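Structure file target_34.cif; described as mmCIF, C-alpha atoms.
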```
data_run
loop_
_atom_site.label_atom_id
_atom_site.label_comp_id
_atom_site.auth_asym_id
_atom_site.auth_seq_id
_atom_site.Cartn_x
_atom_site.Cartn_y
_atom_site.Cartn_z
CA MET Q 247 104.48 72.66 60.53
CA ARG Q 248 100.98 73.59 61.74
CA PHE Q 249 99.91 73.99 65.36
CA SER Q 250 97.51 75.89 67.62
CA ALA Q 251 98.22 79.31 69.10
CA ALA Q 252 96.28 82.11 70.76
CA VAL Q 253 96.36 85.06 68.34
CA LEU Q 254 95.58 88.66 69.30
CA ARG Q 255 94.47 90.52 66.17
CA GLY Q 256 93.35 93.86 67.60
CA TYR Q 257 94.06 95.92 70.69
CA GLU Q 258 90.40 95.66 71.75
CA SER Q 259 89.86 92.11 70.46
CA ARG Q 260 89.60 88.85 72.35
CA PHE Q 261 92.27 86.21 71.85
CA ALA Q 262 91.37 83.59 69.23
CA VAL Q 263 92.91 80.13 69.21
CA GLU Q 264 93.87 79.52 65.59
CA GLU Q 265 96.06 77.30 63.49
CA VAL Q 266 99.41 78.94 62.70
CA VAL Q 267 102.22 77.81 60.44
CA LEU Q 268 105.97 77.64 60.93
CA HIS Q 269 107.59 77.49 57.49
CA GLU Q 270 111.13 76.44 58.44
CA GLY Q 271 113.02 74.77 61.25
CA PRO Q 272 115.51 76.24 63.71
CA ALA Q 273 118.41 78.26 62.36
CA ASP Q 274 121.87 78.34 63.94
CA GLY Q 275 121.60 79.09 67.64
CA GLU Q 276 117.86 78.37 67.84
CA VAL Q 277 115.76 75.60 69.32
CA LEU Q 278 112.18 74.55 68.68
CA VAL Q 279 110.36 73.91 71.96
CA ARG Q 280 107.13 71.97 72.43
CA ILE Q 281 105.34 74.07 75.06
CA ALA Q 282 104.12 72.30 78.21
CA GLY Q 283 102.72 75.46 79.83
CA CYS Q 284 103.01 79.23 79.59
CA GLY Q 285 102.30 81.78 82.29
CA MET Q 286 100.20 84.85 81.55
CA CYS Q 287 101.96 88.04 82.64
CA ARG Q 288 100.51 91.54 82.90
CA THR Q 289 103.14 92.60 80.34
CA ASP Q 290 101.33 90.39 77.81
CA LEU Q 291 98.06 92.14 78.58
CA ALA Q 292 99.70 95.59 78.48
CA VAL Q 293 99.99 95.18 74.70
CA ARG Q 294 96.39 96.38 74.60
CA ARG Q 295 97.56 99.73 76.00
CA SER Q 296 100.74 100.05 73.94
CA ALA Q 297 99.34 102.76 71.64
CA GLY Q 298 100.17 100.72 68.57
CA ARG Q 299 103.85 100.20 69.38
CA SER Q 300 103.45 96.42 69.65
CA PRO Q 301 102.73 95.03 66.17
CA LEU Q 302 99.58 92.95 65.65
CA PRO Q 303 98.39 90.34 64.85
CA ALA Q 304 100.66 88.54 67.28
CA VAL Q 305 101.05 85.44 69.37
CA LEU Q 306 101.93 86.65 72.87
CA GLY Q 307 103.20 84.70 75.88
CA HIS Q 308 106.68 84.98 77.36
CA GLU Q 309 106.69 82.63 80.35
CA GLY Q 310 106.98 79.36 78.45
CA ALA Q 311 108.40 76.02 79.49
CA GLY Q 312 108.62 72.86 77.45
CA VAL Q 313 110.66 70.15 75.77
CA VAL Q 314 113.25 70.75 73.04
CA ALA Q 315 111.87 69.23 69.83
CA ALA Q 316 114.65 70.29 67.43
CA THR Q 317 117.92 72.20 67.51
CA GLY Q 318 119.66 74.39 64.95
CA GLY Q 319 123.41 74.16 64.51
CA PRO Q 320 125.95 72.46 66.73
CA ASP Q 321 126.37 75.17 69.36
CA THR Q 322 123.03 75.51 71.10
CA GLY Q 323 124.21 73.55 74.15
CA LEU Q 324 120.83 71.77 74.18
CA ARG Q 325 119.60 68.43 72.93
CA VAL Q 326 116.26 67.10 71.74
CA GLY Q 327 114.30 65.99 74.80
CA ASP Q 328 115.82 68.54 77.20
CA HIS Q 329 113.34 70.24 79.52
CA VAL Q 330 113.74 74.01 79.41
CA VAL Q 331 112.32 77.21 80.91
CA LEU Q 332 112.19 80.14 78.48
CA SER Q 333 113.12 83.66 79.49
CA PHE Q 334 113.58 87.05 77.83
CA ASP Q 335 115.74 87.68 74.78
CA SER Q 336 119.00 89.65 74.82
CA CYS Q 337 121.74 90.30 72.30
CA GLY Q 338 124.62 88.74 74.25
CA ARG Q 339 127.09 91.29 72.87
CA CYS Q 340 126.46 94.69 74.46
CA ARG Q 341 128.19 95.94 77.60
CA SER Q 342 125.21 95.04 79.79
CA CYS Q 343 125.00 91.49 78.48
CA LEU Q 344 128.74 91.02 78.81
CA GLY Q 345 128.49 92.43 82.33
CA ALA Q 346 125.98 89.74 83.40
CA ALA Q 347 123.03 92.15 83.25
CA PRO Q 348 121.00 90.89 80.25
CA GLY Q 349 117.81 92.56 81.55
CA TYR Q 350 119.48 95.88 80.69
CA CYS Q 351 120.53 94.79 77.19
CA ASP Q 352 120.91 97.73 74.80
CA ALA Q 353 118.43 96.00 72.47
CA PHE Q 354 115.98 94.81 75.16
CA ALA Q 355 112.96 96.78 73.93
CA ALA Q 356 113.60 96.02 70.28
CA LEU Q 357 114.13 92.30 70.87
CA ASN Q 358 111.32 91.72 73.34
CA LEU Q 359 108.64 94.35 72.96
CA PHE Q 360 108.53 96.16 69.65
CA GLY Q 361 109.58 93.95 66.81
CA GLY Q 362 111.85 91.07 67.76
CA ARG Q 363 114.75 89.82 65.68
CA PRO Q 364 114.44 90.68 61.98
CA GLU Q 365 115.96 87.38 60.80
CA HIS Q 366 113.48 84.83 59.47
CA ALA Q 367 110.58 87.19 60.17
CA ALA Q 368 108.42 85.78 57.36
CA ARG Q 369 108.53 82.15 58.46
CA PHE Q 370 105.70 82.49 61.02
CA THR Q 371 102.22 83.03 59.53
CA ASP Q 372 98.57 82.30 60.13
CA ALA Q 373 96.84 79.45 58.29
CA ALA Q 374 96.01 81.71 55.33
CA GLY Q 375 99.62 82.85 54.96
CA GLY Q 376 99.10 86.22 56.61
CA ALA Q 377 102.09 87.59 58.48
CA LEU Q 378 102.26 87.45 62.26
CA ALA Q 379 104.43 89.72 64.39
CA PRO Q 380 107.93 88.49 65.25
CA PRO Q 381 108.16 86.36 68.39
CA TRP Q 382 107.08 88.24 71.53
CA PHE Q 383 109.97 88.32 74.03
CA GLY Q 384 111.69 85.89 71.68
CA GLN Q 385 109.03 83.26 72.46
CA SER Q 386 105.35 83.76 71.51
CA ALA Q 387 104.59 80.85 73.84
CA PHE Q 388 100.78 81.03 73.95
CA ALA Q 389 101.04 78.13 71.55
CA GLU Q 390 101.88 74.46 71.17
CA TYR Q 391 105.39 75.29 69.92
CA ALA Q 392 107.83 78.18 70.20
CA MET Q 393 111.01 78.93 68.24
CA VAL Q 394 113.55 80.60 70.53
CA ARG Q 395 117.19 81.55 70.71
CA ALA Q 396 119.08 78.98 72.75
CA ARG Q 397 120.30 81.79 75.04
CA ASN Q 398 116.62 82.25 76.05
CA ALA Q 399 116.31 78.62 77.20
CA VAL Q 400 117.48 77.30 80.58
CA ARG Q 401 117.76 73.54 81.01
CA VAL Q 402 116.00 72.19 84.12
CA ASP Q 403 115.68 68.89 85.95
CA PRO Q 404 113.18 66.64 84.09
CA ALA Q 405 111.76 65.55 87.46
CA LEU Q 406 110.27 69.03 87.96
CA PRO Q 407 106.60 69.81 87.05
CA LEU Q 408 107.47 71.30 83.67
CA GLU Q 409 104.02 72.70 82.87
CA LEU Q 410 104.24 74.98 85.95
CA LEU Q 411 107.79 76.29 85.51
CA GLY Q 412 107.26 78.99 82.87
CA PRO Q 413 106.63 81.89 85.30
CA LEU Q 414 110.15 81.34 86.66
CA GLY Q 415 111.32 82.94 83.42
CA CYS Q 416 109.77 86.35 84.11
CA GLY Q 417 107.19 87.16 86.83
CA PHE Q 418 108.56 84.96 89.58
CA LEU Q 419 112.12 85.67 88.36
CA THR Q 420 111.50 89.41 88.82
CA GLY Q 421 110.10 89.22 92.35
CA ALA Q 422 112.57 86.67 93.64
CA GLY Q 423 115.46 88.38 91.85
CA ALA Q 424 114.64 91.68 93.54
CA VAL Q 425 115.04 89.98 96.92
CA LEU Q 426 118.01 87.74 96.18
CA ASN Q 427 119.93 89.88 93.66
CA THR Q 428 118.93 93.55 93.91
CA PHE Q 429 118.63 93.67 97.70
CA GLY Q 430 120.60 90.57 98.71
CA LEU Q 431 118.29 89.99 101.68
CA GLY Q 432 119.43 87.81 104.55
CA PRO Q 433 118.21 86.77 107.99
CA GLY Q 434 116.81 89.67 109.99
CA ASP Q 435 116.43 92.07 107.05
CA THR Q 436 113.07 93.77 106.57
CA LEU Q 437 111.15 94.15 103.32
CA ALA Q 438 107.90 95.90 102.39
CA VAL Q 439 106.20 94.51 99.27
CA LEU Q 440 103.67 96.82 97.65
CA GLY Q 441 101.23 94.75 95.64
CA ALA Q 442 100.78 91.02 96.29
CA GLY Q 443 100.40 89.88 92.70
CA ALA Q 444 102.71 87.41 90.97
CA VAL Q 445 105.87 89.56 91.29
CA GLY Q 446 105.08 90.64 94.84
CA MET Q 447 104.19 87.14 96.03
CA ALA Q 448 107.41 85.76 94.53
CA ALA Q 449 109.27 88.42 96.53
CA VAL Q 450 107.44 87.31 99.69
CA LEU Q 451 108.39 83.67 99.06
CA ALA Q 452 112.02 84.58 98.41
CA ALA Q 453 112.21 86.83 101.48
CA THR Q 454 110.84 84.06 103.67
CA ALA Q 455 113.32 81.61 102.15
CA ALA Q 456 116.14 84.08 102.93
CA GLY Q 457 115.08 84.41 106.58
CA ALA Q 458 113.95 88.03 106.18
CA VAL Q 459 110.83 89.69 107.58
CA ALA Q 460 108.31 90.66 104.88
CA VAL Q 461 105.26 92.92 105.04
CA ALA Q 462 102.78 92.62 102.16
CA VAL Q 463 100.62 95.63 101.27
CA ASP Q 464 97.57 95.11 99.07
CA ARG Q 465 93.93 96.12 98.76
CA HIS Q 466 92.61 92.58 98.13
CA PRO Q 467 91.87 90.67 101.38
CA GLY Q 468 92.38 87.36 99.58
CA ARG Q 469 95.87 88.36 98.44
CA LEU Q 470 96.76 89.48 101.96
CA ALA Q 471 95.55 86.18 103.40
CA LEU Q 472 97.70 84.31 100.88
CA ALA Q 473 100.75 86.43 101.70
CA GLU Q 474 100.21 85.76 105.40
CA ARG Q 475 100.03 82.04 104.69
CA PHE Q 476 103.51 82.29 103.16
CA GLY Q 477 105.04 84.10 106.10
CA ALA Q 478 104.40 87.79 105.39
CA CYS Q 479 102.74 90.26 107.72
CA PRO Q 480 99.58 91.45 105.89
CA LEU Q 481 98.86 95.17 105.74
CA PRO Q 482 95.81 96.62 103.94
CA ALA Q 483 96.55 99.45 101.52
CA THR Q 484 94.58 102.38 102.92
CA PRO Q 485 94.62 106.06 101.87
CA THR Q 486 96.18 107.31 105.13
CA GLY Q 487 98.60 106.18 107.80
CA LEU Q 488 100.52 103.57 105.81
CA PRO Q 489 104.06 104.84 106.64
CA ASP Q 490 103.37 104.71 110.39
CA ARG Q 491 101.87 101.24 110.14
CA LEU Q 492 104.85 100.01 108.11
CA ARG Q 493 107.27 101.40 110.67
CA ARG Q 494 105.39 99.69 113.51
CA ARG Q 495 105.43 96.34 111.72
CA THR Q 496 109.15 96.50 110.92
CA ASP Q 497 110.71 97.84 114.12
CA GLY Q 498 111.21 101.39 112.91
CA GLY Q 499 110.86 100.97 109.16
CA PRO Q 500 111.81 98.50 106.43
CA ARG Q 501 115.34 98.45 105.10
CA TYR Q 502 114.07 97.54 101.64
CA ALA Q 503 110.84 97.98 99.69
CA LEU Q 504 109.62 96.63 96.36
CA ASP Q 505 106.82 98.36 94.48
CA THR Q 506 104.87 96.35 91.91
CA THR Q 507 101.92 98.76 91.60
CA GLY Q 508 103.22 101.93 89.95
CA SER Q 509 101.06 103.93 92.37
CA ALA Q 510 102.62 107.31 93.17
CA GLY Q 511 100.86 107.40 96.55
CA LEU Q 512 102.18 104.00 97.63
CA ILE Q 513 105.66 104.82 96.35
CA ASN Q 514 105.80 107.99 98.44
CA ASP Q 515 104.40 106.16 101.48
CA ALA Q 516 107.07 103.48 101.14
CA LEU Q 517 109.85 106.04 100.83
CA ARG Q 518 108.67 107.85 103.97
CA ALA Q 519 108.58 104.54 105.86
CA LEU Q 520 112.08 103.41 104.88
CA ARG Q 521 114.87 103.43 107.40
CA PRO Q 522 117.83 105.76 106.73
CA MET Q 523 119.84 104.47 103.75
CA GLY Q 524 116.85 102.32 102.78
CA HIS Q 525 116.28 101.24 99.19
CA LEU Q 526 112.99 101.19 97.25
CA ALA Q 527 113.01 99.39 93.89
CA LEU Q 528 110.25 99.80 91.32
CA ALA Q 529 109.28 96.73 89.33
CA ALA Q 530 106.22 98.29 87.70
CA ARG Q 531 106.49 100.34 84.55
CA LEU Q 532 105.46 103.95 85.18
CA HIS Q 533 103.13 105.53 82.60
CA THR Q 534 102.93 109.02 84.10
CA ALA Q 535 105.24 111.42 85.92
CA LEU Q 536 106.15 110.37 89.47
CA PRO Q 537 105.86 113.29 91.89
CA LEU Q 538 108.10 112.74 94.92
CA GLU Q 539 107.03 114.46 98.09
CA PRO Q 540 109.53 116.60 100.04
CA GLY Q 541 111.75 114.61 102.36
CA THR Q 542 111.11 111.20 100.82
CA LEU Q 543 114.70 110.83 99.58
CA ASP Q 544 116.38 112.34 102.65
CA ARG Q 545 118.83 110.47 104.90
CA GLY Q 546 120.41 108.36 102.20
CA ARG Q 547 117.24 106.71 100.93
CA ARG Q 548 117.48 105.40 97.38
CA LEU Q 549 114.98 104.87 94.57
CA SER Q 550 115.73 102.69 91.55
CA HIS Q 551 113.99 100.75 88.82
CA LEU Q 552 114.78 97.09 88.24
CA CYS Q 553 114.23 94.91 85.20
CA GLU Q 554 113.79 91.13 85.26
CA GLY Q 555 114.98 90.93 88.87
CA ASP Q 556 118.55 91.93 87.94
CA ALA Q 557 118.83 88.25 87.03
CA VAL Q 558 120.91 86.08 84.78
CA PRO Q 559 118.16 83.52 84.08
CA GLY Q 560 120.61 80.64 83.70
CA LEU Q 561 121.78 81.24 87.27
CA LEU Q 562 118.61 82.27 89.10
CA ILE Q 563 116.14 79.77 87.62
CA PRO Q 564 118.12 76.72 88.86
CA ARG Q 565 118.44 78.42 92.25
CA LEU Q 566 114.67 78.87 92.46
CA THR Q 567 113.91 75.30 91.39
CA ALA Q 568 116.36 74.05 94.02
CA LEU Q 569 114.57 76.13 96.65
CA TRP Q 570 111.25 74.65 95.47
CA GLN Q 571 112.63 71.12 95.74
CA ALA Q 572 113.73 71.95 99.29
CA GLY Q 573 110.20 73.15 100.13
CA ARG Q 574 111.29 76.77 100.55
CA PHE Q 575 109.85 78.46 97.44
CA PRO Q 576 106.35 76.99 96.83
CA PHE Q 577 105.60 79.01 93.70
CA ASP Q 578 103.34 76.23 92.40
CA GLN Q 579 100.76 77.22 95.02
CA LEU Q 580 100.35 80.62 93.31
CA ILE Q 581 99.33 79.07 89.97
CA ARG Q 582 95.96 78.21 88.45
CA THR Q 583 96.04 76.33 85.14
CA TYR Q 584 93.73 76.91 82.16
CA PRO Q 585 93.56 75.14 78.80
CA LEU Q 586 94.83 77.35 75.99
CA SER Q 587 91.27 77.45 74.67
CA ALA Q 588 90.29 79.35 77.87
CA VAL Q 589 92.86 82.11 77.32
CA ASN Q 590 90.18 84.81 77.55
CA ASP Q 591 88.95 83.41 80.87
CA ALA Q 592 92.52 83.52 82.16
CA GLU Q 593 92.83 87.17 81.10
CA ARG Q 594 89.52 88.04 82.78
CA ASP Q 595 90.53 86.37 86.05
CA CYS Q 596 93.98 87.98 85.95
CA ASP Q 597 92.50 91.45 85.39
CA ALA Q 598 90.02 90.93 88.24
CA GLY Q 599 92.74 89.82 90.66
CA ASP Q 600 91.03 86.44 91.11
CA VAL Q 601 94.20 84.50 90.28
CA VAL Q 602 97.83 85.28 91.11
CA LYS Q 603 99.39 83.53 88.13
CA PRO Q 604 97.40 81.93 85.29
CA VAL Q 605 99.24 79.26 83.32
CA LEU Q 606 97.94 78.17 79.91
CA LEU Q 607 98.26 74.52 78.91
CA PRO Q 608 98.29 73.98 75.12
CA PRO Q 609 96.31 71.09 73.66
CA GLY Q 610 99.42 69.33 72.41
CA ALA Q 611 101.29 69.38 75.74
CA GLY Q 612 100.87 65.64 76.26
CA ARG Q 613 101.30 64.54 72.63
CA PRO Q 614 104.44 63.17 70.96
CA PRO Q 615 106.20 65.99 69.10
CA ALA Q 616 105.33 66.68 65.50
CA THR Q 617 108.01 66.49 62.82
CA PRO Q 618 109.56 69.96 62.68
CA PRO Q 619 110.15 71.65 59.33
CA ALA Q 620 113.64 71.43 57.93
CA PRO Q 621 116.01 74.38 58.31
CA ARG Q 622 116.19 76.60 55.22
CA GLU Q 623 119.48 76.56 53.38
CA ASN Q 624 121.41 79.83 53.47
CA PRO Q 625 122.00 81.14 49.93
#
```
So, in terms of structure tokens, how does the structure I just supplied come out?
Amino acid sequence: MRFSAAVLRGYESRFAVEEVVLHEGPADGEVLVRIAGCGMCRTDLAVRRSAGRSPLPAVLGHEGAGVVAATGGPDTGLRVGDHVVLSFDSCGRCRSCLGAAPGYCDAFAALNLFGGRPEHAARFTDAAGGALAPPWFGQSAFAEYAMVRARNAVRVDPALPLELLGPLGCGFLTGAGAVLNTFGLGPGDTLAVLGAGAVGMAAVLAATAAGAVAVAVDRHPGRLALAERFGACPLPATPTGLPDRLRRRTDGGPRYALDTTGSAGLINDALRALRPMGHLALAARLHTALPLEPGTLDRGRRLSHLCEGDAVPGLLIPRLTALWQAGRFPFDQLIRTYPLSAVNDAERDCDAGDVVKPVLLPPGAGRPPATPPAPRENP
């Protein structure tokens, strides 16, 4: 089975849309999905800075959504024609997975970031037969098709705009999950969001939907204007005076704060602004030591790191789509679509902060599905 995909061959290279080959159909527990759209996440772009830990060449993309084209085995729980949103991979067997915390799976890094599942690794190649890295986040959805574990796929209402749903599997899941799961915000609660990108804006939307008061901190005037449009109080990120301004905007300080920037200065400012027993959660991955200033963790304040919004995707994604259908979580207004052939334009605009969430539309999104390859017999 041959189809188009955006391949990254070098850490400094541009993406190239190429023909790739899938040499066998879905194994037990897998589904083949015809991709309708895939969000571009900063985690995809961070591969360039991974110091060689992420194997290349690779097809990236881990915010896919599409239609099930084939299923493997009788126990996937999905049928051909189902509309699905794809999320991160997890083993399903470790204590975290069994405890409804798949984002903290013991094998999370191995399955999603640095190698994927070893089974059937050789079945995905470029047109010349050269090996490609195992599926990125169990998806590799910058492509017309993706082979995924059924546990990665969440069935959704076919009336929803499928090509726009992919970011609900990661970026929007993380921001909204921080609000609804990690913090459990309700009416009257106060939240400071540091960084009004895709994760931060999803947190703003979820906080507004929960009846909470949100303050958005960012250095881009356009992002602040967008956050204000969705109910947040905009606050420019300036070098001095941020804790006092946050306290004034939240009647003495926010009860909760979400950092999406990884900036040590903003993290310390947010901690100083928190009310006693306040909680700051970090969504960004830190790449250097985090110096905490004296007094920032006094009076019961807490600092934690969250992964994937502390979410079980099969529970949170339907909740978010229901909020969208009720007009309370307008995530679609954060999206700009690009054809897959414009993947490098999408990366440029994402890096420049000109778009909150790029979504790539593959050329085959509107075509009837191709005939998938047959599953390989086990010896």
Write out, as a Markdown table, each residue of segment 463-538 of chain Q that has an atom at most 7 Å from segment 548-569 of chain Q, together with the closest pair of atoms and their distance in Å to one decimal, counting all atoms listed in the file, rows going by chain and rising number.
```
| residue | atom | partner | partner_atom | distance |
| --- | --- | --- | --- | --- |
| Q:Met523 | CA | Q:Arg548 | CA | 6.9 |
| Q:Gly524 | CA | Q:Arg548 | CA | 6.2 |
| Q:His525 | CA | Q:Arg548 | CA | 4.7 |
| Q:Leu526 | CA | Q:Leu549 | CA | 5.0 |
| Q:Ala527 | CA | Q:Ser550 | CA | 4.9 |
| Q:Leu528 | CA | Q:His551 | CA | 4.6 |
| Q:Ala529 | CA | Q:Leu552 | CA | 5.6 |
```
Kindly indicate which residue among Q:Arg495, Q:Arg369, Q:Arg518, Q:His308 lies nearest to His269 of chain Q, using all atoms listed in the file for the distances.
->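 For His269 of chain Q, the nearest of the candidates is Q:Arg369.
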Run through the PyMOL selection byres ((chain Q and resi 348-357) around 7) on the given coordinates and return the selected residues as a ChimeraX atom specification.
-> /Q:335-337,340,342-343,346-347,358-363,383-384,553-554,556,558
Tell me which of Q:Leu538, Q:Val277, Q:Ala387, Q:Arg341 sits closest to Ala252 of chain Q, counting only C-alpha atoms.
->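 Ranked by minimum distance to Ala252 of chain Q, first place goes to Q:Ala387.
Once the PyMOL selection byres ((chain Q and resi 275) around 9) is applied to the shown structure, the selection contains Pro272, Ala273, Asp274, Glu276, Val277, Thr317, Gly318, Gly319, Pro320, Asp321, Thr322, Gly323, Val394, Arg395, Ala396 and Arg397 of chain Q.
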Nearest to Thr496 of chain Q among Q:Gly434, Q:Gly446, Q:Pro301, Q:Gly573, with distances taken over all atoms listed in the file: which residue is it?
-> Q:Gly434
In Å, with one decimal, what is the gap from atom CA of Ala389 of chain Q to atom CA of Trp570 of chain Q?
-> 26.2 Å
With 9 Å as the cut-off and only C-alpha atoms counted, what is the closest atom pair between each nearby residue of segment 535-558 of chain Q and segment 505-510 of chain Q? Distances in Å to one decimal, ordered by chain and number, as a Markdown table.
```
| residue | atom | partner | partner_atom | distance |
| --- | --- | --- | --- | --- |
| Q:Ala535 | CA | Q:Ala510 | CA | 8.7 |
| Q:Leu536 | CA | Q:Ala510 | CA | 6.0 |
| Q:Pro537 | CA | Q:Ala510 | CA | 6.9 |
| Q:Leu538 | CA | Q:Ala510 | CA | 7.9 |
```
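With all atoms listed in the file as the atoms that count, the residue of Q:Ala448, Q:Leu291, Q:Leu520, Q:Leu543 with the shortest distance to Cys596 of chain Q is Q:Leu291.
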Val589 of chain Q environment, 7 Å, all atoms listed in the file, sequence neighbours closer than 3 positions dropped, as a list in words = Phe261, Leu586, Ala592, Glu593 and Leu606 of chain Q
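The result of the PyMOL selection byres ((chain Q and resi 429) around 10) on the shown file is Gly423, Ala424, Val425, Leu426, Asn427, Thr428, Gly430, Leu431, Gly432, Asp435, Leu437, Arg501, Tyr502, Ala503, Leu504, His525, Leu526, Ala527, Gly555 and Asp556 of chain Q.
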Determine, for each residue of segment 557-617 of chain Q having at least one atom at most 10 Å from an atom of segment 464-487 of chain Q, the closest pair of atoms and their separation in Å to one decimal, counting all atoms listed in the file; order by chain and ascending number, as JSON lines.
```
{"residue": "Q:Arg574", "atom": "CA", "partner": "Q:Phe476", "partner_atom": "CA", "distance": 9.9}
{"residue": "Q:Phe575", "atom": "CA", "partner": "Q:Phe476", "partner_atom": "CA", "distance": 9.4}
{"residue": "Q:Pro576", "atom": "CA", "partner": "Q:Phe476", "partner_atom": "CA", "distance": 8.7}
{"residue": "Q:Gln579", "atom": "CA", "partner": "Q:Leu472", "partner_atom": "CA", "distance": 9.7}
{"residue": "Q:Leu580", "atom": "CA", "partner": "Q:Leu472", "partner_atom": "CA", "distance": 8.8}
{"residue": "Q:Gly599", "atom": "CA", "partner": "Q:His466", "partner_atom": "CA", "distance": 8.0}
{"residue": "Q:Asp600", "atom": "CA", "partner": "Q:Gly468", "partner_atom": "CA", "distance": 8.6}
{"residue": "Q:Val601", "atom": "CA", "partner": "Q:Arg469", "partner_atom": "CA", "distance": 9.2}
{"residue": "Q:Val602", "atom": "CA", "partner": "Q:Arg469", "partner_atom": "CA", "distance": 8.2}
```
One residue among Q:Arg295, Q:Tyr391, Q:Gly345, Q:Phe334 is nearest to Leu268 of chain Q when using only C-alpha atoms, and that residue is Q:Tyr391
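Using only C-alpha atoms, the shortest contact distance between Ala452 of chain Q and any of Q:Val279, Q:Ala422, Q:Ile513, Q:Leu406 is found at Q:Ala422.
Interatomic distance, atom CA of Arg294 of chain Q against atom CA of Ala530 of chain Q: 16.5 Å.
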Kindly give the distance, in Å, that separates atom CA of Asp591 of chain Q and atom CA of Ala262 of chain Q, rounded to a single decimal.
->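 Atom-to-atom, atom CA of Asp591 of chain Q to atom CA of Ala262 of chain Q, that is 11.9 Å.
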